[in-house]
$ cat model_27.txt   # compact mmCIF, C-alpha atoms
# COMPACT_ATOMS: atom_id res chain seq x y z
CA MET A 262 26.10 4.60 18.41
CA VAL A 263 23.26 4.74 15.88
CA ALA A 264 21.15 7.89 16.23
CA LYS A 265 17.38 8.29 16.14
CA VAL A 266 15.87 10.38 13.32
CA GLU A 267 12.36 11.58 12.51
CA LEU A 268 10.84 9.67 9.62
CA THR A 269 8.60 12.60 8.77
CA PRO A 270 7.84 15.92 10.51
CA GLN A 271 6.08 15.17 13.80
CA GLY A 272 6.31 11.51 12.84
CA PRO A 273 7.85 8.50 14.58
CA GLN A 274 11.55 8.34 15.38
CA PHE A 275 13.47 5.44 13.86
CA SER A 276 17.08 4.36 14.22
CA GLU A 277 19.05 5.60 11.19
CA LEU A 278 19.85 1.98 10.37
CA VAL A 279 17.10 -0.67 10.34
CA GLN A 280 17.54 -4.36 11.06
CA GLY A 281 15.73 -6.44 8.47
CA TYR A 282 14.35 -9.84 9.39
CA TRP A 283 13.14 -11.09 6.02
CA ARG A 284 15.71 -13.91 6.00
CA LEU A 285 15.27 -14.88 9.65
CA ALA A 286 13.95 -18.33 8.70
CA ASP A 287 17.26 -19.05 6.95
CA TRP A 288 19.51 -18.09 9.86
CA GLY A 289 19.13 -21.42 11.70
CA MET A 290 18.93 -19.80 15.12
CA THR A 291 17.27 -21.09 18.27
CA PRO A 292 14.85 -18.72 20.05
CA ALA A 293 17.59 -17.87 22.55
CA GLN A 294 20.06 -17.12 19.75
CA ARG A 295 17.48 -14.89 18.05
CA LEU A 296 16.99 -13.01 21.31
CA ASP A 297 20.74 -12.61 21.72
CA PHE A 298 21.07 -11.21 18.19
CA LEU A 299 18.22 -8.80 18.88
CA LYS A 300 19.92 -7.60 22.07
CA GLN A 301 23.21 -7.17 20.24
CA HIS A 302 21.85 -4.85 17.57
CA LEU A 303 19.83 -2.97 20.21
CA ALA A 304 23.09 -2.37 22.06
CA LEU A 305 24.43 -0.77 18.87
CA GLY A 306 21.44 1.57 18.76
CA ILE A 307 19.54 -0.23 15.99
CA THR A 308 16.07 -0.18 17.50
CA THR A 309 13.92 -0.37 14.35
CA VAL A 310 13.12 -3.82 12.95
CA ASP A 311 11.56 -4.57 9.57
CA HIS A 312 9.14 -7.43 8.93
CA ALA A 313 6.37 -8.46 6.56
CA ASP A 314 3.61 -11.00 7.00
CA ILE A 315 4.88 -13.09 4.06
CA TYR A 316 8.56 -13.25 4.99
CA GLY A 317 9.87 -16.80 5.30
CA GLY A 318 6.62 -18.19 3.94
CA TYR A 319 4.68 -16.50 6.73
CA ARG A 320 7.15 -17.82 9.35
CA CYS A 321 9.55 -14.96 10.17
CA GLU A 322 7.16 -12.96 12.34
CA THR A 323 6.49 -16.11 14.39
CA LEU A 324 10.20 -16.80 14.83
CA PHE A 325 10.78 -13.21 15.96
CA GLY A 326 7.81 -13.40 18.33
CA GLU A 327 9.18 -16.55 19.92
CA ALA A 328 12.42 -14.74 20.72
CA LEU A 329 10.66 -11.62 21.99
CA ALA A 330 8.47 -13.74 24.26
CA LEU A 331 11.59 -14.84 26.14
CA GLU A 332 12.07 -11.26 27.33
CA PRO A 333 8.88 -9.26 26.58
CA SER A 334 10.15 -6.03 28.17
CA ILE A 335 12.47 -5.57 25.17
CA ARG A 336 9.39 -4.63 23.14
CA ASP A 337 9.52 -1.16 24.71
CA GLN A 338 12.92 -0.55 23.10
CA LEU A 339 11.77 -1.40 19.57
CA GLU A 340 10.02 0.22 16.64
CA ILE A 341 8.34 -2.64 14.78
CA VAL A 342 7.54 -2.27 11.08
CA THR A 343 5.55 -4.87 9.19
CA LYS A 344 3.76 -5.05 5.86
CA CYS A 345 0.67 -6.50 4.25
CA ASP A 346 -1.23 -6.95 0.96
CA ILE A 347 0.80 -9.68 -0.81
CA LYS A 348 -0.97 -13.04 -0.85
CA LEU A 349 1.39 -15.93 -1.53
CA CYS A 350 0.58 -19.45 -2.55
CA SER A 351 1.69 -21.53 0.42
CA ASP A 352 0.85 -24.48 2.61
CA GLN A 353 -0.87 -22.10 5.00
CA TYR A 354 -3.20 -20.83 2.28
CA PRO A 355 -3.81 -23.81 -0.08
CA ALA A 356 -6.90 -22.18 -1.61
CA GLN A 357 -4.82 -19.41 -3.18
CA ARG A 358 -4.07 -20.37 -6.78
CA ILE A 359 -1.72 -17.50 -7.74
CA ASN A 360 0.32 -14.87 -5.95
CA HIS A 361 -1.62 -11.61 -5.93
CA TYR A 362 -2.30 -8.41 -3.99
CA ASP A 363 -5.19 -7.60 -1.67
CA THR A 364 -5.70 -4.13 -0.20
CA SER A 365 -9.29 -4.73 0.84
CA LYS A 366 -10.21 -3.54 4.32
CA ALA A 367 -10.98 -7.09 5.39
CA HIS A 368 -7.56 -8.38 4.36
CA ILE A 369 -5.60 -5.47 5.87
CA VAL A 370 -7.36 -5.89 9.23
CA GLU A 371 -6.98 -9.68 9.14
CA SER A 372 -3.30 -9.39 8.23
CA VAL A 373 -2.59 -7.00 11.10
CA ASN A 374 -4.36 -9.27 13.58
CA ASN A 375 -2.29 -12.21 12.32
CA SER A 376 0.95 -10.20 12.57
CA LEU A 377 0.16 -9.13 16.13
CA ALA A 378 -0.42 -12.75 17.10
CA ARG A 379 2.75 -13.99 15.40
CA LEU A 380 4.92 -11.23 16.81
CA GLN A 381 3.28 -11.63 20.24
CA VAL A 382 2.81 -7.86 20.62
CA ASP A 383 -0.21 -5.61 21.15
CA MET A 384 0.69 -2.88 18.68
CA ILE A 385 2.64 -2.31 15.46
CA ASP A 386 4.56 0.95 15.18
CA VAL A 387 4.31 1.28 11.39
CA LEU A 388 2.24 -0.74 8.93
CA LEU A 389 3.21 -0.56 5.26
CA ILE A 390 1.24 -1.52 2.19
CA HIS A 391 3.84 -3.85 0.70
CA ARG A 392 3.26 -3.47 -3.04
CA PRO A 393 1.11 -1.20 -5.21
CA ASP A 394 -2.21 -2.84 -5.98
CA VAL A 395 -3.99 -1.74 -9.18
CA LEU A 396 -7.27 -2.75 -7.51
CA MET A 397 -6.54 -0.58 -4.45
CA ALA A 398 -9.56 1.51 -3.46
CA ALA A 399 -7.95 4.31 -1.47
CA ASP A 400 -11.09 5.04 0.54
CA GLU A 401 -11.26 1.41 1.68
CA VAL A 402 -7.59 1.40 2.72
CA ALA A 403 -8.22 4.62 4.65
CA GLU A 404 -11.13 2.96 6.47
CA ALA A 405 -8.90 0.06 7.46
CA PHE A 406 -6.17 2.41 8.68
CA ALA A 407 -8.64 4.46 10.71
CA GLU A 408 -10.08 1.36 12.38
CA LEU A 409 -6.66 -0.06 13.24
CA LYS A 410 -5.51 3.29 14.61
CA GLN A 411 -8.67 3.71 16.69
CA GLN A 412 -8.26 0.21 18.12
CA GLY A 413 -4.66 0.97 19.12
CA LYS A 414 -3.28 -1.81 16.93
CA VAL A 415 -1.16 0.41 14.62
CA LYS A 416 0.43 3.77 15.40
CA HIS A 417 1.53 4.94 11.95
CA PHE A 418 1.13 3.97 8.31
CA GLY A 419 3.28 4.04 5.21
CA VAL A 420 3.84 2.31 1.88
CA SER A 421 6.46 0.28 0.07
CA ASN A 422 7.45 0.37 -3.60
CA PHE A 423 4.85 3.06 -4.40
CA SER A 424 5.26 5.56 -7.23
CA PRO A 425 4.72 9.25 -6.40
CA SER A 426 1.21 9.19 -7.88
CA GLN A 427 0.27 6.05 -5.95
CA PHE A 428 1.63 7.66 -2.78
CA GLU A 429 -0.39 10.84 -3.39
CA LEU A 430 -3.56 8.89 -4.14
CA LEU A 431 -3.51 7.13 -0.80
CA GLN A 432 -2.31 10.22 1.06
CA SER A 433 -5.27 12.18 -0.32
CA ARG A 434 -7.64 9.98 1.71
CA LEU A 435 -5.74 10.13 5.01
CA ASP A 436 -5.76 12.64 7.84
CA ALA A 437 -2.24 11.75 9.02
CA PRO A 438 0.84 11.67 6.78
CA LEU A 439 2.23 8.47 5.36
CA VAL A 440 5.51 8.21 7.25
CA THR A 441 7.73 6.47 4.68
CA ASN A 442 8.00 4.75 1.32
CA GLN A 443 10.23 1.67 1.51
CA VAL A 444 11.98 1.33 -1.86
CA GLU A 445 14.89 -0.48 -3.48
CA ILE A 446 18.09 1.57 -3.53
CA ASN A 447 21.47 0.13 -4.47
CA PRO A 448 24.24 0.92 -6.99
CA LEU A 449 22.74 -1.51 -9.51
CA ASN A 450 19.17 -0.19 -9.21
CA PHE A 451 18.45 3.33 -8.11
CA GLU A 452 15.66 4.30 -10.49
CA VAL A 453 13.78 5.88 -7.59
CA ALA A 454 16.43 8.61 -7.68
CA HIS A 455 15.34 9.51 -11.21
CA ASP A 456 11.60 8.75 -11.44
CA GLY A 457 10.45 11.34 -8.92
CA THR A 458 10.07 8.99 -5.94
CA LEU A 459 12.93 10.41 -3.88
CA ASP A 460 12.17 13.94 -5.08
CA GLN A 461 8.66 13.65 -3.66
CA LEU A 462 9.90 12.31 -0.33
CA GLN A 463 12.49 15.06 -0.04
CA MET A 464 9.77 17.61 -0.77
CA LYS A 465 7.66 16.14 2.05
CA ARG A 466 10.72 15.85 4.34
CA THR A 467 9.85 12.18 4.62
CA LYS A 468 12.69 9.66 4.76
CA PRO A 469 12.57 6.52 2.61
CA MET A 470 13.58 3.13 3.94
CA ALA A 471 16.05 1.51 1.54
CA TRP A 472 15.74 -2.22 0.91
CA SER A 473 18.24 -4.46 -0.91
CA CYS A 474 21.09 -1.98 -0.49
CA LEU A 475 23.55 -4.74 -1.42
CA ALA A 476 21.45 -5.87 -4.42
CA GLY A 477 20.94 -9.33 -2.95
CA GLY A 478 24.69 -10.01 -3.15
CA GLU A 479 24.82 -9.32 -6.90
CA ILE A 480 27.32 -6.51 -6.36
CA PHE A 481 29.76 -8.94 -4.70
CA SER A 482 29.46 -11.91 -7.04
CA GLY A 483 27.59 -10.84 -10.18
CA GLN A 484 29.41 -11.29 -13.48
CA SER A 485 27.41 -8.85 -15.59
CA GLU A 486 29.36 -5.95 -17.08
CA GLN A 487 27.46 -3.58 -14.81
CA ALA A 488 28.18 -5.56 -11.64
CA VAL A 489 31.89 -5.85 -12.49
CA ARG A 490 32.21 -2.12 -13.24
CA VAL A 491 30.43 -1.17 -10.01
CA ARG A 492 32.41 -3.63 -7.91
CA ASN A 493 35.72 -2.33 -9.24
CA GLU A 494 34.74 1.30 -8.61
CA LEU A 495 33.51 0.53 -5.10
CA GLU A 496 36.78 -1.23 -4.35
CA ALA A 497 38.75 1.81 -5.51
CA ILE A 498 36.67 4.11 -3.32
CA ARG A 499 36.98 1.68 -0.40
CA GLU A 500 40.75 2.13 -0.49
CA GLU A 501 40.41 5.93 -0.70
CA VAL A 502 38.11 6.25 2.31
CA GLY A 503 39.73 3.49 4.38
CA ALA A 504 36.62 1.33 4.58
CA GLN A 505 36.86 -2.29 5.70
CA SER A 506 34.69 -3.59 2.86
CA ILE A 507 32.70 -2.39 -0.13
CA ASP A 508 29.40 -2.89 1.65
CA GLN A 509 30.39 0.01 3.90
CA VAL A 510 30.93 2.16 0.81
CA ILE A 511 27.49 1.10 -0.46
CA TYR A 512 25.76 2.14 2.78
CA ALA A 513 27.57 5.48 2.64
CA TRP A 514 26.52 5.87 -1.01
CA VAL A 515 22.85 5.22 -0.19
CA ARG A 516 22.93 7.61 2.77
CA ARG A 517 24.49 10.36 0.62
CA LEU A 518 21.16 10.84 -1.15
CA PRO A 519 19.51 14.08 0.07
CA SER A 520 16.25 12.34 0.97
CA LYS A 521 18.29 10.67 3.78
CA PRO A 522 17.30 7.01 3.27
CA LEU A 523 17.41 4.60 6.20
CA PRO A 524 19.27 1.50 4.97
CA ILE A 525 17.83 -1.87 5.95
CA ILE A 526 20.50 -4.40 6.96
CA GLY A 527 19.63 -7.92 5.86
CA SER A 528 22.37 -9.91 7.57
CA GLY A 529 21.90 -12.06 10.65
CA LYS A 530 25.62 -11.86 11.48
CA ILE A 531 26.40 -9.25 14.10
CA ASP A 532 29.84 -8.48 12.63
CA ARG A 533 28.15 -7.47 9.36
CA VAL A 534 25.71 -5.34 11.35
CA GLN A 535 28.63 -3.73 13.18
CA ALA A 536 30.29 -2.99 9.84
CA ALA A 537 27.14 -1.18 8.72
CA VAL A 538 27.20 0.87 11.91
CA ASP A 539 30.86 1.75 11.30
CA ALA A 540 29.88 2.92 7.80
CA LEU A 541 28.01 5.82 9.39
CA ASN A 542 31.41 7.48 9.81
CA ILE A 543 32.12 7.36 6.07
CA GLU A 544 31.16 10.35 3.95
CA LEU A 545 31.60 10.26 0.20
CA THR A 546 32.40 13.29 -1.89
CA ARG A 547 30.07 14.22 -4.71
CA GLU A 548 32.64 13.01 -7.23
CA GLN A 549 32.97 9.63 -5.48
CA TRP A 550 29.19 9.28 -5.46
CA PHE A 551 28.97 10.05 -9.19
CA ARG A 552 31.79 7.64 -9.99
CA VAL A 553 29.50 4.85 -8.77
CA TRP A 554 26.66 6.37 -10.84
CA VAL A 555 28.82 6.31 -13.97
CA ALA A 556 30.02 2.76 -13.27
CA SER A 557 26.43 1.60 -12.90
CA LYS A 558 25.05 3.38 -15.97
CA GLY A 559 28.04 2.60 -18.16
CA HIS A 560 28.26 6.18 -19.43
CA GLY A 561 28.97 9.67 -18.17
CA VAL A 562 26.37 12.10 -16.90
CA PRO A 563 24.35 13.92 -19.60
$ encode --input "model_27.txt" --output "structure tokens"
Amino acid sequence: MVAKVELTPQGPQFSELVQGYWRLADWGMTPAQRLDFLKQHLALGITTVDHADIYGGYRCETLFGEALALEPSIRDQLEIVTKCDIKLCSDQYPAQRINHYDTSKAHIVESVNNSLARLQVDMIDVLLIHRPDVLMAADEVAEAFAELKQQGKVKHFGVSNFSPSQFELLQSRLDAPLVTNQVEINPLNFEVAHDGTLDQLQMKRTKPMAWSCLAGGEIFSGQSEQAVRVRNELEAIREEVGAQSIDQVIYAWVRRLPSKPLPIIGSGKIDRVQAAVDALNIELTREQWFRVWVASKGHGVP
């Protein structure tokens, strides 16, 4: 069973694995099938779900809301995360000429109201600023957060893909702590382990959420020298630890980081979700962890 962990001291409790719904529009499920999948991962203890307003061309939140509306009481078992600030060119917003970011108070509030309507819920557990915005006025974001909190529309706030300095800038304007930074962590790209991002979160005892743990499938099928080296090393470690598949080794590798990342599972197949849950029982040695590091970098440690 998946355990609950504190994201940050005195912060919300999340399941130590998170179910991602960014590909929900591609899963080809009926509302009833979506509800059944939701119930299945809840039964495994995965209670935290990850969304963003833009996922599926602004459709995924709606698809999830349709399923949740079939059995609204399930909402009480969930921690719902969603994101805002990316504006995509789409049929829904024909006036937008280029993809860009918007962290204005007006857009943040509008985005939350839209997400609440699509998800068919009254409150979001955690709202994340999706991407760093060079035009972000931290005071204005803080005003938006304060208004949404006061209205009972959002409980907690965090960021995604922020550098340590961007994180500190926004935090400096807030009374409550940012509860997470959702960042990319996988054996092909783990720069956040070296650029100070994970150091900062460990210092704050704040757990990151890890997106794209499987590198979008590149680890399984990529033909680059890096991907081949990493795949071969993961396969060797899989045999050593008795894992069913290399994705289990990857989840164990991500979780070995001392900042204690919460991996986001992107699959809509419950057997793949179950495999991720089973990976919680796998613990890599330091040497096994660094073997993947060396395979990824293509050289030994300094």
$ atom_distance --input "model_27.txt" --atom1 "CA of Gly318 (chain A)" --atom2 "CA of Glu340 (chain A)"
22.6 Å
$ atom_distance --input "model_27.txt" --atom1 "CA of Leu339 (chain A)" --atom2 "CA of Thr309 (chain A)"
5.7 Å
$ closest_residue --input "model_27.txt" --among "A:Ala454, A:Ala556, A:Val534, A:Ile543" --to "Arg492 (chain A)" --atoms "all atoms listed in the file"
A:Ala556
$ closest_atom_pairs --input "model_27.txt" --of "region 463-560 of chain A" --to "region 427-448 of chain A" --cutoff "9 Å" --atoms "all atoms listed in the file" --output "JSON lines"
{"residue": "A:Thr467", "atom": "CA", "partner": "A:Thr441", "partner_atom": "CA", "distance": 6.1}
{"residue": "A:Lys468", "atom": "CA", "partner": "A:Thr441", "partner_atom": "CA", "distance": 5.9}
{"residue": "A:Pro469", "atom": "CA", "partner": "A:Asn442", "partner_atom": "CA", "distance": 5.1}
{"residue": "A:Met470", "atom": "CA", "partner": "A:Gln443", "partner_atom": "CA", "distance": 4.4}
{"residue": "A:Ala471", "atom": "CA", "partner": "A:Val444", "partner_atom": "CA", "distance": 5.3}
{"residue": "A:Trp472", "atom": "CA", "partner": "A:Glu445", "partner_atom": "CA", "distance": 4.8}
{"residue": "A:Ser473", "atom": "CA", "partner": "A:Glu445", "partner_atom": "CA", "distance": 5.8}
{"residue": "A:Cys474", "atom": "CA", "partner": "A:Asn447", "partner_atom": "CA", "distance": 4.5}
{"residue": "A:Leu475", "atom": "CA", "partner": "A:Asn447", "partner_atom": "CA", "distance": 6.1}
{"residue": "A:Ala476", "atom": "CA", "partner": "A:Asn447", "partner_atom": "CA", "distance": 6.0}
{"residue": "A:Ile480", "atom": "CA", "partner": "A:Pro448", "partner_atom": "CA", "distance": 8.1}
{"residue": "A:Ala488", "atom": "CA", "partner": "A:Pro448", "partner_atom": "CA", "distance": 8.9}
{"residue": "A:Val491", "atom": "CA", "partner": "A:Pro448", "partner_atom": "CA", "distance": 7.2}
{"residue": "A:Ile511", "atom": "CA", "partner": "A:Pro448", "partner_atom": "CA", "distance": 7.3}
{"residue": "A:Tyr512", "atom": "CA", "partner": "A:Asn447", "partner_atom": "CA", "distance": 8.7}
{"residue": "A:Trp514", "atom": "CA", "partner": "A:Pro448", "partner_atom": "CA", "distance": 8.1}
{"residue": "A:Val515", "atom": "CA", "partner": "A:Asn447", "partner_atom": "CA", "distance": 6.8}
{"residue": "A:Pro522", "atom": "CA", "partner": "A:Ile446", "partner_atom": "CA", "distance": 8.7}
{"residue": "A:Pro524", "atom": "CA", "partner": "A:Ile446", "partner_atom": "CA", "distance": 8.6}
{"residue": "A:Val553", "atom": "CA", "partner": "A:Pro448", "partner_atom": "CA", "distance": 6.8}
{"residue": "A:Trp554", "atom": "CA", "partner": "A:Pro448", "partner_atom": "CA", "distance": 7.1}
{"residue": "A:Ala556", "atom": "CA", "partner": "A:Pro448", "partner_atom": "CA", "distance": 8.7}
{"residue": "A:Ser557", "atom": "CA", "partner": "A:Pro448", "partner_atom": "CA", "distance": 6.3}
$ closest_residue --input "model_27.txt" --among "A:Ser482, A:Ser528, A:Ser506, A:Ser426" --to "Trp283 (chain A)" --atoms "only C-alpha atoms"
A:Ser528
$ atom_distance --input "model_27.txt" --atom1 "CA of Tyr319 (chain A)" --atom2 "CA of Met290 (chain A)"
16.9 Å
$ closest_residue --input "model_27.txt" --among "A:Glu500, A:Asp352, A:Asp287, A:Asp386" --to "Leu324 (chain A)" --atoms "all atoms listed in the file"
A:Asp287
$ closest_residue --input "model_27.txt" --among "A:Ser421, A:Gln280, A:Gln294, A:Gln271" --to "Gly306 (chain A)" --atoms "all atoms listed in the file"
A:Gln280
$ closest_residue --input "model_27.txt" --among "A:Asn450, A:Gln357, A:Thr323, A:Asn375" --to "Arg295 (chain A)" --atoms "only C-alpha atoms"
A:Thr323
$ closest_residue --input "model_27.txt" --among "A:Lys530, A:Lys521, A:Arg466, A:His391" --to "Arg284 (chain A)" --atoms "all atoms listed in the file"
A:Lys530
$ residues_around --input "model_27.txt" --residues "Arg336 (chain A)" --least-positions-apart "2" --cutoff "12 Å" --atoms "only C-alpha atoms" --output "list of chain:residue names"
A:Leu296, A:Leu299, A:Lys300, A:Leu303, A:Thr308, A:Thr309, A:Val310, A:Phe325, A:Gly326, A:Ala328, A:Leu329, A:Ala330, A:Leu331, A:Glu332, A:Pro333, A:Ser334, A:Gln338, A:Leu339, A:Glu340, A:Ile341, A:Leu380, A:Gln381, A:Val382, A:Asp383, A:Met384, A:Ile385, A:Asp386
$ residues_near_point --input "model_27.txt" --point "(5.3, -12.9, 8.1)" --cutoff "9 Å" --atoms "only C-alpha atoms" --output "JSON, numbers by chain"
{"A": [283, 312, 313, 314, 315, 316, 317, 318, 319, 320, 321, 322, 323, 343, 344, 345, 375, 376, 379, 380]}
